[in-house]
Every structure is written in C-alpha cells, then in structure tokens.
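This is upload_25.cif (mmCIF, C-alpha atoms).
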```cif
data_run
loop_
_atom_site.label_atom_id
_atom_site.label_comp_id
_atom_site.auth_asym_id
_atom_site.auth_seq_id
_atom_site.Cartn_x
_atom_site.Cartn_y
_atom_site.Cartn_z
CA MET A 1 -43.31 -51.93 52.17
CA ASP A 2 -39.68 -52.27 53.08
CA ALA A 3 -37.67 -53.36 56.11
CA LYS A 4 -38.10 -49.98 57.87
CA ASP A 5 -41.92 -50.26 57.67
CA ILE A 6 -41.83 -53.77 59.10
CA LEU A 7 -39.53 -52.77 61.96
CA GLY A 8 -41.34 -49.45 62.52
CA LEU A 9 -38.26 -47.33 61.95
CA PRO A 10 -38.55 -43.74 60.72
CA LYS A 11 -37.76 -43.17 57.09
CA THR A 12 -34.81 -40.82 57.59
CA PRO A 13 -31.68 -41.08 55.50
CA LEU A 14 -28.58 -42.30 57.19
CA SER A 15 -26.22 -39.54 58.19
CA VAL A 16 -23.06 -39.87 56.17
CA PRO A 17 -20.05 -38.50 58.00
CA PRO A 18 -18.47 -35.66 56.00
CA GLU A 19 -15.19 -36.42 54.39
CA LYS A 20 -12.28 -34.78 56.10
CA LYS A 21 -10.32 -32.60 53.77
CA SER A 22 -6.64 -33.09 54.01
CA GLN A 23 -5.05 -29.85 55.10
CA PRO A 24 -1.78 -28.95 53.46
CA LYS A 25 1.16 -29.32 55.72
CA LYS A 26 2.67 -26.09 56.84
CA ASP A 27 6.31 -25.64 56.12
CA SER A 28 8.13 -25.71 59.39
CA GLN A 29 10.46 -22.74 59.59
CA ARG A 30 13.55 -23.08 61.64
CA LYS A 31 14.10 -20.44 64.27
CA PRO A 32 17.12 -18.31 63.38
CA ASP A 33 20.01 -18.11 65.76
CA GLY A 34 20.22 -15.21 68.16
CA ILE A 35 16.42 -14.82 68.64
CA SER A 36 14.51 -16.33 71.52
CA ARG A 37 11.55 -18.64 70.86
CA GLU A 38 9.07 -16.23 72.44
CA VAL A 39 10.20 -13.26 70.32
CA TYR A 40 10.15 -15.39 67.16
CA ALA A 41 6.58 -16.56 67.96
CA LEU A 42 5.46 -12.95 68.33
CA THR A 43 6.82 -12.01 64.92
CA GLY A 44 4.87 -14.86 63.26
CA GLY A 45 7.88 -15.99 61.26
CA LEU A 46 8.17 -12.68 59.43
CA ALA A 47 11.50 -11.06 58.80
CA PRO A 48 12.39 -8.41 61.40
CA LEU A 49 12.31 -4.77 60.39
CA MET A 50 15.75 -4.18 61.82
CA PRO A 51 18.68 -6.50 61.13
CA SER A 52 19.10 -9.01 63.94
CA ILE A 53 22.21 -9.01 66.06
CA ASP A 54 24.70 -11.70 65.34
CA SER A 55 24.90 -14.35 68.05
CA SER A 56 28.65 -13.99 68.19
CA TYR A 57 28.21 -10.36 69.24
CA LEU A 58 26.04 -11.43 72.18
CA LYS A 59 28.67 -13.85 73.37
CA LYS A 60 31.34 -11.18 73.21
CA ARG A 61 32.35 -10.01 76.65
CA PRO A 62 33.23 -6.39 77.40
CA PRO A 63 36.82 -5.53 78.28
CA SER A 64 37.72 -6.22 81.88
CA ASP A 65 39.03 -2.70 82.49
CA GLU A 66 35.67 -1.05 81.57
CA LYS A 67 32.86 -0.69 84.06
CA ILE A 68 29.57 -0.07 82.28
CA THR A 69 26.47 1.16 84.08
CA TRP A 70 23.11 2.62 83.03
CA GLN A 71 22.03 5.82 84.77
CA TRP A 72 18.88 7.97 84.69
CA LEU A 73 20.29 11.38 83.71
CA PRO A 74 18.76 14.69 82.53
CA PHE A 75 19.31 16.15 79.04
CA THR A 76 18.38 19.23 77.00
CA ASN A 77 17.53 19.47 73.29
CA SER A 78 19.13 22.25 71.25
CA ALA A 79 16.31 21.99 68.71
CA ARG A 80 13.89 23.36 71.27
CA LYS A 81 13.70 27.09 71.95
CA ASP A 82 12.66 26.66 75.56
CA THR A 83 14.72 25.27 78.46
CA LEU A 84 12.73 22.08 78.89
CA GLN A 85 14.73 19.41 80.72
CA LEU A 86 13.88 15.73 80.31
CA TYR A 87 15.42 12.47 81.56
CA HIS A 88 16.46 9.25 79.86
CA TRP A 89 18.67 6.23 80.44
CA VAL A 90 22.30 6.77 79.50
CA ARG A 91 25.11 4.25 79.11
CA VAL A 92 27.93 5.36 81.41
CA VAL A 93 31.44 3.93 81.09
CA ASN A 94 33.71 4.04 84.16
CA GLY A 95 31.41 6.58 85.82
CA VAL A 96 31.90 9.27 83.10
CA PRO A 97 28.55 10.33 81.54
CA PRO A 98 28.52 11.13 77.79
CA THR A 99 28.82 14.78 76.74
CA GLY A 100 27.53 16.62 73.71
CA ASP A 101 24.19 17.60 72.24
CA TYR A 102 21.13 15.39 72.14
CA SER A 103 21.65 12.76 69.42
CA PHE A 104 18.26 13.39 67.73
CA ALA A 105 18.68 17.17 67.54
CA LYS A 106 20.38 16.84 64.14
CA TYR A 107 17.10 15.75 62.54
CA ASN A 108 15.40 19.05 63.32
CA LYS A 109 15.65 20.78 59.94
CA SER A 110 14.11 24.20 59.28
CA ILE A 111 13.70 26.29 56.11
CA GLU A 112 15.24 29.71 55.91
CA VAL A 113 12.51 32.07 54.71
CA THR A 114 13.59 35.27 53.00
CA LYS A 115 13.23 38.45 55.06
CA TYR A 116 12.74 41.96 53.70
CA THR A 117 12.77 45.48 55.11
CA ASP A 118 10.21 48.25 54.74
CA GLU A 119 12.46 50.11 52.29
CA GLU A 120 12.87 47.02 50.08
CA TYR A 121 9.13 46.45 50.14
CA ALA A 122 8.42 50.05 49.10
CA GLN A 123 10.99 49.93 46.27
CA HIS A 124 10.62 46.42 44.81
CA LEU A 125 7.66 44.51 46.31
CA THR A 126 4.63 46.72 45.93
CA ASP A 127 1.63 45.03 44.30
CA PRO A 128 -1.83 46.58 43.87
CA SER A 129 -3.55 43.25 44.62
CA TRP A 130 -1.58 42.67 47.83
CA THR A 131 -1.15 44.83 50.91
CA LYS A 132 1.93 44.88 53.12
CA GLN A 133 -0.03 43.42 56.01
CA GLU A 134 -1.14 40.41 53.95
CA THR A 135 2.40 39.89 52.68
CA ASP A 136 3.78 39.98 56.24
CA GLN A 137 1.18 37.46 57.39
CA LEU A 138 2.02 35.18 54.46
CA PHE A 139 5.75 35.15 55.25
CA ASP A 140 5.12 34.56 58.93
CA LEU A 141 2.98 31.52 58.15
CA CYS A 142 5.56 30.25 55.66
CA GLU A 143 8.22 30.39 58.36
CA GLN A 144 5.96 28.80 60.95
CA PHE A 145 4.74 25.88 58.82
CA ASP A 146 7.90 25.34 56.68
CA LEU A 147 6.29 26.22 53.33
CA ARG A 148 3.48 23.68 53.72
CA PHE A 149 1.09 25.68 51.56
CA VAL A 150 -1.87 23.40 52.22
CA ILE A 151 -1.76 24.40 55.91
CA ILE A 152 -0.85 27.98 55.07
CA ALA A 153 -3.92 28.35 52.79
CA ASP A 154 -6.08 26.93 55.57
CA ARG A 155 -4.67 29.33 58.19
CA PHE A 156 -4.51 32.44 56.04
CA PRO A 157 -7.10 35.00 57.23
CA SER A 158 -8.32 36.28 53.84
CA SER A 159 -9.85 34.17 51.07
CA ARG A 160 -6.80 33.50 48.92
CA THR A 161 -6.23 30.38 46.85
CA MET A 162 -3.15 28.25 47.22
CA GLU A 163 -1.90 29.27 43.77
CA GLU A 164 -2.18 32.96 44.65
CA LEU A 165 -0.23 32.43 47.89
CA LYS A 166 2.52 30.53 46.06
CA ASP A 167 2.69 33.14 43.31
CA ARG A 168 3.05 35.97 45.82
CA TYR A 169 5.70 34.20 47.90
CA TYR A 170 7.92 33.15 44.98
CA SER A 171 7.60 36.50 43.21
CA VAL A 172 8.70 38.35 46.38
CA CYS A 173 11.68 36.01 46.89
CA ARG A 174 12.72 36.41 43.25
CA SER A 175 12.52 40.20 43.41
CA ILE A 176 14.58 40.30 46.63
CA LEU A 177 17.28 38.07 45.10
CA LEU A 178 17.57 40.28 42.00
CA ALA A 179 17.57 43.49 44.05
CA ARG A 180 20.29 42.35 46.48
CA ALA A 181 22.56 40.91 43.78
CA SER A 182 25.27 43.12 42.30
CA SER A 183 24.40 41.91 38.82
CA PRO A 184 21.69 39.61 37.41
CA ALA A 185 24.36 37.16 36.22
CA ASP A 186 25.33 36.38 39.83
CA VAL A 187 21.92 34.84 40.60
CA SER A 188 21.10 33.54 37.12
CA GLY A 189 21.64 29.95 38.28
CA HIS A 190 19.32 30.20 41.30
CA PRO A 191 16.19 28.00 40.98
CA LEU A 192 13.85 30.88 41.78
CA VAL A 193 15.34 32.94 38.96
CA LYS A 194 15.61 30.12 36.39
CA GLU A 195 12.15 28.65 36.95
CA ASN A 196 9.45 31.24 37.34
CA TYR A 197 6.25 30.08 39.04
CA ASN A 198 3.20 30.02 36.73
CA ALA A 199 -0.11 30.09 38.61
CA SER A 200 -2.31 29.50 35.54
CA GLN A 201 -0.27 26.44 34.54
CA GLU A 202 -0.54 25.07 38.08
CA LYS A 203 -4.33 25.46 37.98
CA GLU A 204 -4.51 23.68 34.63
CA ARG A 205 -2.29 20.86 35.94
CA LYS A 206 -4.53 20.31 38.95
CA ARG A 207 -7.65 20.37 36.78
CA ALA A 208 -6.18 17.78 34.41
CA LEU A 209 -5.06 15.64 37.33
CA SER A 210 -8.53 15.81 38.82
CA MET A 211 -10.05 14.67 35.53
CA VAL A 212 -7.63 11.74 35.27
CA LEU A 213 -8.24 10.59 38.83
CA SER A 214 -12.03 10.79 38.41
CA GLN A 215 -12.08 8.61 35.26
CA THR A 216 -13.76 5.22 35.23
CA LYS A 217 -12.22 1.99 33.94
CA GLN A 218 -14.16 2.23 30.69
CA GLN A 219 -12.93 5.77 30.04
CA GLU A 220 -9.33 4.72 30.75
CA LYS A 221 -9.65 1.80 28.31
CA LYS A 222 -11.12 4.06 25.64
CA ASP A 223 -8.33 6.62 26.09
CA ALA A 224 -5.71 3.88 25.79
CA GLU A 225 -7.27 2.68 22.51
CA VAL A 226 -7.33 6.23 21.13
CA LEU A 227 -3.67 6.77 22.04
CA ALA A 228 -2.66 3.45 20.45
CA GLU A 229 -4.52 4.34 17.24
CA ALA A 230 -2.94 7.80 17.17
CA LYS A 231 0.51 6.23 17.58
CA LYS A 232 -0.13 3.88 14.63
CA ILE A 233 -1.27 6.79 12.44
CA ALA A 234 1.81 8.84 13.36
CA GLU A 235 4.14 5.92 12.57
CA SER A 236 2.47 5.26 9.22
CA ARG A 237 2.70 8.97 8.28
CA MET A 238 6.39 9.05 9.19
CA ALA A 239 7.05 5.92 7.11
CA ALA A 240 5.13 7.34 4.13
CA LYS A 241 7.01 10.64 4.40
CA GLY A 242 10.36 8.85 4.47
CA VAL A 243 9.42 6.76 1.40
CA GLU A 244 8.39 9.86 -0.55
CA GLU A 245 11.60 11.70 0.29
CA SER A 246 13.81 8.78 -0.73
CA VAL A 247 11.87 7.75 -3.86
CA MET A 248 11.67 11.18 -5.54
CA PRO A 249 15.43 11.75 -6.10
CA ALA A 250 16.07 8.06 -6.82
CA THR A 251 13.56 7.83 -9.67
CA GLU A 252 15.25 10.71 -11.51
CA ASN A 253 18.72 9.14 -11.67
CA GLU A 254 18.29 5.34 -11.66
CA PHE A 255 17.68 3.24 -14.78
CA PRO A 256 17.83 5.91 -17.55
CA GLU A 257 16.47 5.13 -20.99
CA THR A 258 19.19 3.31 -22.95
CA THR A 259 19.40 1.31 -26.17
CA ILE A 260 21.06 -2.01 -27.06
CA ASP A 261 22.92 -2.43 -30.34
CA HIS A 262 22.14 -6.01 -31.54
CA ASN A 263 22.71 -7.03 -35.18
CA ASP A 264 23.01 -3.36 -36.26
CA THR A 265 19.52 -2.62 -34.90
CA LEU A 266 18.78 -0.12 -32.14
CA VAL A 267 16.14 -1.44 -29.74
CA SER A 268 14.82 0.79 -26.94
CA LEU A 269 14.35 -0.87 -23.57
CA SER A 270 11.14 1.05 -23.06
CA ASN A 271 9.65 -0.57 -26.21
CA VAL A 272 10.40 -4.17 -25.23
CA ARG A 273 7.16 -6.01 -24.42
CA LEU A 274 7.69 -8.12 -21.31
CA ALA A 275 5.95 -11.40 -20.57
CA PRO A 276 4.06 -12.10 -17.31
CA VAL A 277 7.27 -13.52 -15.82
CA ALA A 278 9.12 -10.23 -16.27
CA VAL A 279 10.85 -8.46 -13.40
CA PRO A 280 8.83 -5.70 -11.74
CA PRO A 281 9.55 -2.11 -12.78
CA SER A 282 12.46 -0.31 -11.23
CA THR A 283 10.19 2.08 -9.41
CA LEU A 284 8.70 -0.78 -7.44
CA VAL A 285 12.16 -1.98 -6.44
CA ILE A 286 13.07 1.54 -5.38
CA ALA A 287 9.85 1.84 -3.39
CA ASP A 288 10.51 -1.48 -1.63
CA THR A 289 14.07 -0.41 -0.76
CA SER A 290 12.80 2.93 0.45
CA SER A 291 10.19 1.27 2.67
CA THR A 292 12.95 -0.91 4.14
CA LEU A 293 15.06 2.18 4.83
CA ALA A 294 12.08 3.91 6.43
CA SER A 295 11.51 0.93 8.74
CA LEU A 296 15.22 0.90 9.65
CA ARG A 297 15.13 4.60 10.53
CA MET A 298 12.68 3.83 13.31
CA LEU A 299 15.30 1.65 15.03
CA PRO A 300 17.54 3.54 17.47
CA VAL A 301 20.70 1.59 16.51
CA TYR A 302 21.30 -1.00 13.77
CA LEU A 303 24.29 -2.52 11.95
CA ARG A 304 24.92 -1.53 8.34
CA THR A 305 25.38 -5.19 7.40
CA TYR A 306 21.91 -5.92 8.79
CA ALA A 307 20.49 -3.05 6.72
CA LEU A 308 22.24 -4.39 3.60
CA GLU A 309 20.79 -7.87 4.14
CA GLN A 310 17.30 -6.42 4.54
CA MET A 311 17.60 -4.36 1.35
CA VAL A 312 19.00 -7.34 -0.61
CA GLN A 313 16.11 -9.53 0.53
CA GLN A 314 13.63 -6.79 -0.35
CA ALA A 315 15.17 -6.27 -3.81
CA SER A 316 15.21 -10.05 -4.49
CA SER A 317 11.72 -10.73 -3.12
CA SER A 318 10.16 -10.85 -6.60
CA ALA A 319 12.80 -13.26 -7.95
CA GLY A 320 12.75 -17.01 -7.52
CA LEU A 321 15.19 -19.15 -5.60
CA ARG A 322 17.02 -20.25 -8.77
CA THR A 323 17.41 -16.65 -9.90
CA ILE A 324 18.87 -15.65 -6.50
CA LYS A 325 21.34 -18.54 -6.71
CA ARG A 326 22.34 -17.44 -10.24
CA VAL A 327 22.94 -13.90 -8.93
CA GLU A 328 25.18 -15.26 -6.16
CA GLN A 329 27.00 -17.50 -8.66
CA THR A 330 27.59 -14.50 -10.91
CA LEU A 331 29.07 -12.55 -8.00
CA GLN A 332 31.38 -15.44 -7.20
CA ASP A 333 32.44 -15.70 -10.86
CA LEU A 334 33.31 -12.00 -10.78
CA GLY A 335 35.39 -12.56 -7.64
CA ILE A 336 33.13 -10.47 -5.39
CA ASN A 337 32.21 -11.51 -1.86
CA LEU A 338 28.54 -12.12 -1.10
CA LYS A 339 28.95 -9.79 1.91
CA PRO A 340 31.34 -6.83 1.73
CA ARG A 341 34.37 -7.12 3.95
CA VAL A 342 34.37 -3.39 4.72
CA PRO A 343 30.65 -2.47 4.79
CA THR A 344 30.90 1.29 4.49
CA LYS A 345 27.99 3.32 3.19
CA ALA A 346 29.48 3.71 -0.30
CA VAL A 347 30.50 0.03 -0.55
CA CYS A 348 27.03 -1.18 0.52
CA ALA A 349 25.37 1.14 -2.02
CA GLU A 350 27.60 -0.13 -4.85
CA HIS A 351 27.08 -3.77 -3.80
CA LEU A 352 23.30 -3.34 -3.83
CA GLU A 353 23.45 -1.56 -7.21
CA LEU A 354 25.53 -4.42 -8.67
CA ARG A 355 23.00 -7.00 -7.45
CA LYS A 356 20.19 -5.02 -9.09
CA GLU A 357 22.06 -4.85 -12.40
CA ILE A 358 22.81 -8.59 -12.36
CA LEU A 359 19.15 -9.33 -11.62
CA THR A 360 18.08 -7.06 -14.48
CA LEU A 361 20.55 -8.78 -16.83
CA LEU A 362 19.26 -12.26 -15.96
CA ASN A 363 15.67 -11.18 -16.54
CA LEU A 364 16.58 -9.62 -19.88
CA GLN A 365 18.28 -12.87 -20.92
CA LYS A 366 15.15 -14.79 -19.98
CA GLN A 367 13.01 -12.38 -22.02
CA LEU A 368 15.37 -12.74 -24.98
CA GLN A 369 15.01 -16.53 -24.89
CA TYR A 370 11.25 -16.18 -24.73
CA LYS A 371 11.19 -13.82 -27.73
CA GLU A 372 13.47 -16.10 -29.78
CA ALA A 373 11.21 -19.09 -29.07
CA GLU A 374 8.15 -17.07 -29.97
CA GLY A 375 9.75 -15.87 -33.22
CA SER A 376 10.78 -19.38 -34.26
CA SER A 377 7.29 -20.71 -33.62
CA LEU A 378 5.79 -17.90 -35.73
CA ARG A 379 8.21 -18.67 -38.60
CA GLU A 380 7.14 -22.34 -38.55
CA GLY A 381 3.51 -21.24 -38.89
CA THR A 382 2.21 -22.46 -35.53
CA THR A 383 -0.49 -20.57 -33.72
CA TYR A 384 0.77 -21.37 -30.26
CA SER A 385 3.98 -20.46 -28.53
CA GLU A 386 6.27 -22.78 -26.66
CA MET A 387 8.37 -21.93 -23.67
CA PRO A 388 12.14 -21.86 -24.19
CA GLY A 389 13.89 -25.15 -23.65
CA THR A 390 10.92 -27.30 -24.81
CA PRO A 391 11.90 -29.71 -27.64
CA LYS A 392 9.84 -29.17 -30.79
CA ARG A 393 8.42 -32.22 -32.62
CA GLN A 394 8.48 -32.14 -36.41
CA VAL A 395 5.08 -33.23 -37.80
CA ARG A 396 5.38 -35.17 -41.04
CA ASP A 397 2.94 -37.05 -43.30
CA HIS A 398 4.23 -40.53 -42.45
CA ASP A 399 3.85 -39.83 -38.68
CA ARG A 400 0.10 -39.24 -38.99
CA THR A 401 -2.12 -42.32 -38.59
CA PHE A 402 -4.55 -43.23 -41.36
CA ILE A 403 -8.23 -42.92 -40.35
CA PRO A 404 -10.63 -44.45 -42.96
CA ASP A 405 -13.91 -42.82 -43.84
CA ALA A 406 -16.76 -44.78 -42.31
CA MET A 407 -19.30 -43.72 -44.98
CA SER A 408 -17.29 -44.96 -47.97
CA PHE A 409 -15.45 -47.97 -46.46
CA GLY A 410 -17.68 -50.41 -44.66
CA GLY A 411 -19.99 -47.95 -43.00
CA GLU A 412 -22.70 -50.56 -42.56
CA ARG A 413 -20.31 -53.08 -41.04
CA GLY A 414 -19.14 -50.48 -38.61
CA GLY A 415 -22.69 -49.79 -37.59
CA ARG A 416 -23.34 -53.53 -37.05
CA LYS A 417 -20.27 -53.77 -34.85
CA ASP A 418 -21.55 -50.89 -32.76
CA GLN A 419 -24.90 -52.64 -32.45
CA LYS A 420 -23.24 -55.90 -31.37
CA ARG A 421 -21.13 -54.13 -28.74
CA LYS A 422 -24.14 -52.60 -27.06
CA GLY A 423 -26.01 -54.66 -24.52
CA PRO A 424 -29.60 -55.87 -24.76
CA GLY A 425 -32.19 -53.16 -24.57
CA ARG A 426 -29.64 -50.52 -25.63
CA VAL A 427 -29.74 -51.00 -29.43
CA SER A 428 -29.51 -47.69 -31.22
CA GLU A 429 -31.90 -47.14 -34.13
CA THR A 430 -29.43 -45.06 -36.13
CA PRO A 431 -25.91 -46.21 -36.90
CA SER A 432 -23.00 -44.30 -35.47
CA SER A 433 -21.51 -41.59 -37.63
CA PRO A 434 -18.11 -39.99 -37.66
CA ALA A 435 -19.65 -36.83 -36.13
CA ASN A 436 -19.93 -38.66 -32.81
CA LYS A 437 -16.19 -39.20 -32.65
CA ARG A 438 -13.77 -36.96 -30.76
CA PRO A 439 -12.37 -34.19 -33.03
CA ARG A 440 -8.68 -34.56 -33.76
CA LYS A 441 -6.04 -31.88 -33.27
CA MET A 442 -5.27 -29.52 -36.11
CA LYS A 443 -1.83 -30.13 -37.61
CA ALA A 444 0.46 -27.75 -39.43
CA SER A 445 -0.10 -29.56 -42.73
CA ASP A 446 -3.87 -28.90 -42.55
CA LEU A 447 -3.39 -25.15 -42.91
#
```
Mind converting the file's structure to structure tokens?
Amino acid sequence: MDAKDILGLPKTPLSVPPEKKSQPKKDSQRKPDGISREVYALTGGLAPLMPSIDSSYLKKRPPSDEKITWQWLPFTNSARKDTLQLYHWVRVVNGVPPTGDYSFAKYNKSIEVTKYTDEEYAQHLTDPSWTKQETDQLFDLCEQFDLRFVIIADRFPSSRTMEELKDRYYSVCRSILLARASSPADVSGHPLVKENYNASQEKERKRALSMVLSQTKQQEKKDAEVLAEAKKIAESRMAAKGVEESVMPATENEFPETTIDHNDTLVSLSNVRLAPVAVPPSTLVIADTSSTLASLRMLPVYLRTYALEQMVQQASSSAGLRTIKRVEQTLQDLGINLKPRVPTKAVCAEHLELRKEILTLLNLQKQLQYKEAEGSSLREGTTYSEMPGTPKRQVRDHDRTFIPDAMSFGGERGGRKDQKRKGPGRVSETPSSPANKRPRKMKASDL
C-alpha cells in the first residue's frame, strides 16, 4: 500500500506539462521605401516582379504648364483584320489625345508562308504520294497556325504523320526557291537549301528521346558506368598508341652499340655484366619518357618547361637522391644551367639527352668501382666480395687468438669446471667436448 491507497486516490500518473519548444525568431525585414505597408504585406516580403518606383519620382511634381487628365477613349488595333473598336483609359496632356497605332500591335508577328501557282506546281511540285488538294490544305493550315506542326497534324484531314507533313512542306519551299532563283548560287546560303529536312532521322531522334525519357534511375546509373568505362578504355588505347609511335623510332637511333678502349683492350658495352644496382636499360627510360609525352598530349595547353621537368623527373626516377645531386653538380661544373634559359624544342631535347648521358656515365663509374673491388677480392683469394669503399682488414698469424685443444690440454679439468658451473640437479653425465662450441669463421690462411 502507498499514500494513494490510504487516501483513496486513483492510481493515475501525474500529467506533466509538455515542454514548450523555443521557436526561432523570425528575421524582421524592413519595409522598403516607396511601398505602402498594405502592399508589402500582400507580397509576403518577396521581391516584386517589376522594379519598384523610386520614392523621389513620386515626390516629383509635374510641370505647372501641363494639364494632365485621364479619359475613356476608343481605339482600334491594326493587328486585327476586322474593324472592332474597344475603349481604354488614355493619359491626355493639355486636352490633346495621343495619336498613332495601338502600342501592343507591334507584338503581333506572323510567318510568311510560301505561295505557289498552278503552273509552278505542275512543273516543279508534283509528287505521286501527294495530291494538289492535300498540298493546298497543308499550306493553308501552315499559314493559319504559324507552322505549329503539332496542331497542323491534329487538324489535317487525312492520316499523315507529323514527319510527312514537315517533309512535304520543306521540300515544296525548297523547290520553289530553286525554281524562282536565277542561279542556284543566289540561294545557296538560304537555310532551306543548306539544311535539307530528313524525315527518317527525325523519327530516329524522337525514338531515341522517348527511350531516354522512359529510363529508370537504375538504367541511367548503369549507362553512366558503361560510358565512364568506355572513356577509360579509349584514353588507355590512345596513350598506348602514342607510346608505340614514339618508342619505335627512338629505339633505333638511341644508345648504339659502342666500345671503350681501356688499357689497349676493347670491351663491348653489351657484354658488361651489371650488378643489381645498375641503371635500367635504355628502352625502359625511353618508354617512361614516351608515356610522359603521351600524358602531356592529352592536355590542351602546357608549357614546354613543365614538360621538360616532367621528363627529367621520369628519366631520373630510378636514380637515388645522391645520384641526382651529382648530375646537377656535373651540369654546374660544365657551366650549364639546370633549366634552359631559352626552352625551345631543340634545346630541351639536347638538355634531356645530356642528363641521360651524365646519368649513364655515373652508373658506369659505379659499375667500374664494383668490378675493381670484385677483382681485387678474387686476387686475394677470398670467396666473398666487398662493396667499393669498404676498408679491407689484413688477416695475419699473430692477429689470430690461440685456442687450446681441450682433449690434449686439461680436458678433464675443463669438464670439472663445467660441472661446477652448473647448478644442482643439472649435472651432465658426459663432459663437454669441443664439438659443442660455436664454429669459428674460416680465414684465408686455412685454405
């Protein structure tokens, strides 16, 4: 039991008043000048469609010598073919009503439809699929509805498609223009003569448009993925084609087989065995440069200095940072700028070729040092090779430490020492032998 049972109160939960959500304050917009409060309230604070009149214009008073009145006067519209007379309010100054045509008559634009005679039709416009009566009805409807072929196809008495009606109308107009011209060159620039109407193409365009508009979101997404994949394939094929075209002539002329005369011995460069740190073959460098050129061709506009930097980076990508610095130091020693001052096509090509030759020279020097170190180590009788620059240690008899034979000099004492060193419970039954020791390195004097 609780207090509610004692007092006889119903066991209903207390109603908690809902929390009032704080509404964001609306930004108070100031009423612009020149507009009354009522009109501004009707617009809801939106910008007016027409520009508002400046308040200074409202305060401007008319000249004192002009007397302006508004009168209800009749008017006629020249755009109408009948004599209908209507009335409207007109601003009259000093009692003289305005003269001239109705101000909105200038917006009544009509299309001039080509007319033909019976003789012209018999000579130039005969068509087995069209009769003269149908052609006359078509041109009358075109003049009545201002070439709105959707309405014309709906009002045409026989069952003709919109494409057939357009084809007949434009073909007749084109034939009349050519027949009335003194020479075909006089009307060669006319749109009807330059662009001939194609009914089959128009049907195909509408069919394709209908298919596009009836696609679902999933079909549109799939088509976009297919187009993106096709674009990637086309770009990769263009890049591969550009690389092939640029690599084929370059491989025939660059880096011919030459020989080096050193100590009266001819050594072919093709027979030199390179170590794992050797520079990549020239064909790879050419391929990398060609791929860079192919990627640059895709750009609409680029600077030649930018292209040179890209090709230098691509050619030096396999070299280390120290090698690149040595190449730049060599260029400075030769008195050549790191970037050409006049970067013409020929200068950039020669600069890139010079960098390649310097890089090849540095790698050949490194290989020569490696071969000299390998040859010296083989002459000394060692079975391992040392890298160039590593100091060699001469192994002599007095440098080697004397290791006594445990079996002939105090073998038993050595075994007792081993037994004393071991803890209780770990006594070995057999004494230690030299076979348990770590094998020593093989020296040159042991061979």
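What the PyMOL selection byres ((chain A and resi 332-344) around 12) grabs from this file is Leu303, Arg304, Thr305, Tyr306, Ala307, Leu308, Glu309, Val312, Ile324, Lys325, Arg326, Val327, Glu328, Gln329, Thr330, Leu331, Lys345, Ala346, Val347, Cys348, Ala349, Glu350, His351, Leu352, Leu354, Arg355 and Ile358 of chain A.
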Identify which of the residues A:Thr99, A:Thr161, A:Ser110, A:Thr131 lies closest to A:Thr76, counting only C-alpha atoms when measuring atom-to-atom distances. A:Thr99
A:Ser171, A:Gln369, A:Ser210, A:Ser78: which is nearest A:Trp130, counting all atoms listed in the file? A:Ser171
Of A:Pro10, A:Glu244, A:Glu134, A:Tyr197, the one nearest to A:Ser159 when counting all atoms listed in the file is A:Glu134
Can you turn the PyMOL selection byres ((chain A and resi 179-194) around 12) into a concrete residue list for this file, as a PDB file with C-alpha atoms, keeping the file's coordinate frame?
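Result saved to result.pdb:
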```
ATOM      1  CA  THR A 114      13.590  35.270  53.000  1.00  0.00           C
ATOM      2  CA  LYS A 115      13.230  38.450  55.060  1.00  0.00           C
ATOM      3  CA  TYR A 116      12.740  41.960  53.700  1.00  0.00           C
ATOM      4  CA  THR A 117      12.770  45.480  55.110  1.00  0.00           C
ATOM      5  CA  GLU A 119      12.460  50.110  52.290  1.00  0.00           C
ATOM      6  CA  GLU A 120      12.870  47.020  50.080  1.00  0.00           C
ATOM      7  CA  TYR A 121       9.130  46.450  50.140  1.00  0.00           C
ATOM      8  CA  GLN A 123      10.990  49.930  46.270  1.00  0.00           C
ATOM      9  CA  HIS A 124      10.620  46.420  44.810  1.00  0.00           C
ATOM     10  CA  LEU A 125       7.660  44.510  46.310  1.00  0.00           C
ATOM     11  CA  ASP A 167       2.690  33.140  43.310  1.00  0.00           C
ATOM     12  CA  TYR A 169       5.700  34.200  47.900  1.00  0.00           C
ATOM     13  CA  TYR A 170       7.920  33.150  44.980  1.00  0.00           C
ATOM     14  CA  SER A 171       7.600  36.500  43.210  1.00  0.00           C
ATOM     15  CA  VAL A 172       8.700  38.350  46.380  1.00  0.00           C
ATOM     16  CA  CYS A 173      11.680  36.010  46.890  1.00  0.00           C
ATOM     17  CA  ARG A 174      12.720  36.410  43.250  1.00  0.00           C
ATOM     18  CA  SER A 175      12.520  40.200  43.410  1.00  0.00           C
ATOM     19  CA  ILE A 176      14.580  40.300  46.630  1.00  0.00           C
ATOM     20  CA  LEU A 177      17.280  38.070  45.100  1.00  0.00           C
ATOM     21  CA  LEU A 178      17.570  40.280  42.000  1.00  0.00           C
ATOM     22  CA  GLU A 195      12.150  28.650  36.950  1.00  0.00           C
ATOM     23  CA  ASN A 196       9.450  31.240  37.340  1.00  0.00           C
ATOM     24  CA  TYR A 197       6.250  30.080  39.040  1.00  0.00           C
ATOM     25  CA  ASN A 198       3.200  30.020  36.730  1.00  0.00           C
TER      26      ASN A 198
END
```
For this file, the PyMOL selection byres ((chain A and resi 109) around 12) selects which residues, as a PyMOL selection string? chain A and resi 78-80+104-108+110-112+146
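The coordinates place atom CA of A:Ala228 at 20.3 Å from atom CA of A:Ala208.
Atom CA of A:Asp65 is found 10.2 Å from atom CA of A:Val93.
Our summary of the geometry notes that atom CA of A:Asp118 is positioned 9.1 Å from atom CA of A:Lys132.
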Near-A:Phe156 list (9 Å; only C-alpha atoms; drop same-chain fewer than 3 positions) as a ChimeraX atom specification: /A:134,137-138,141,151-153,159-160
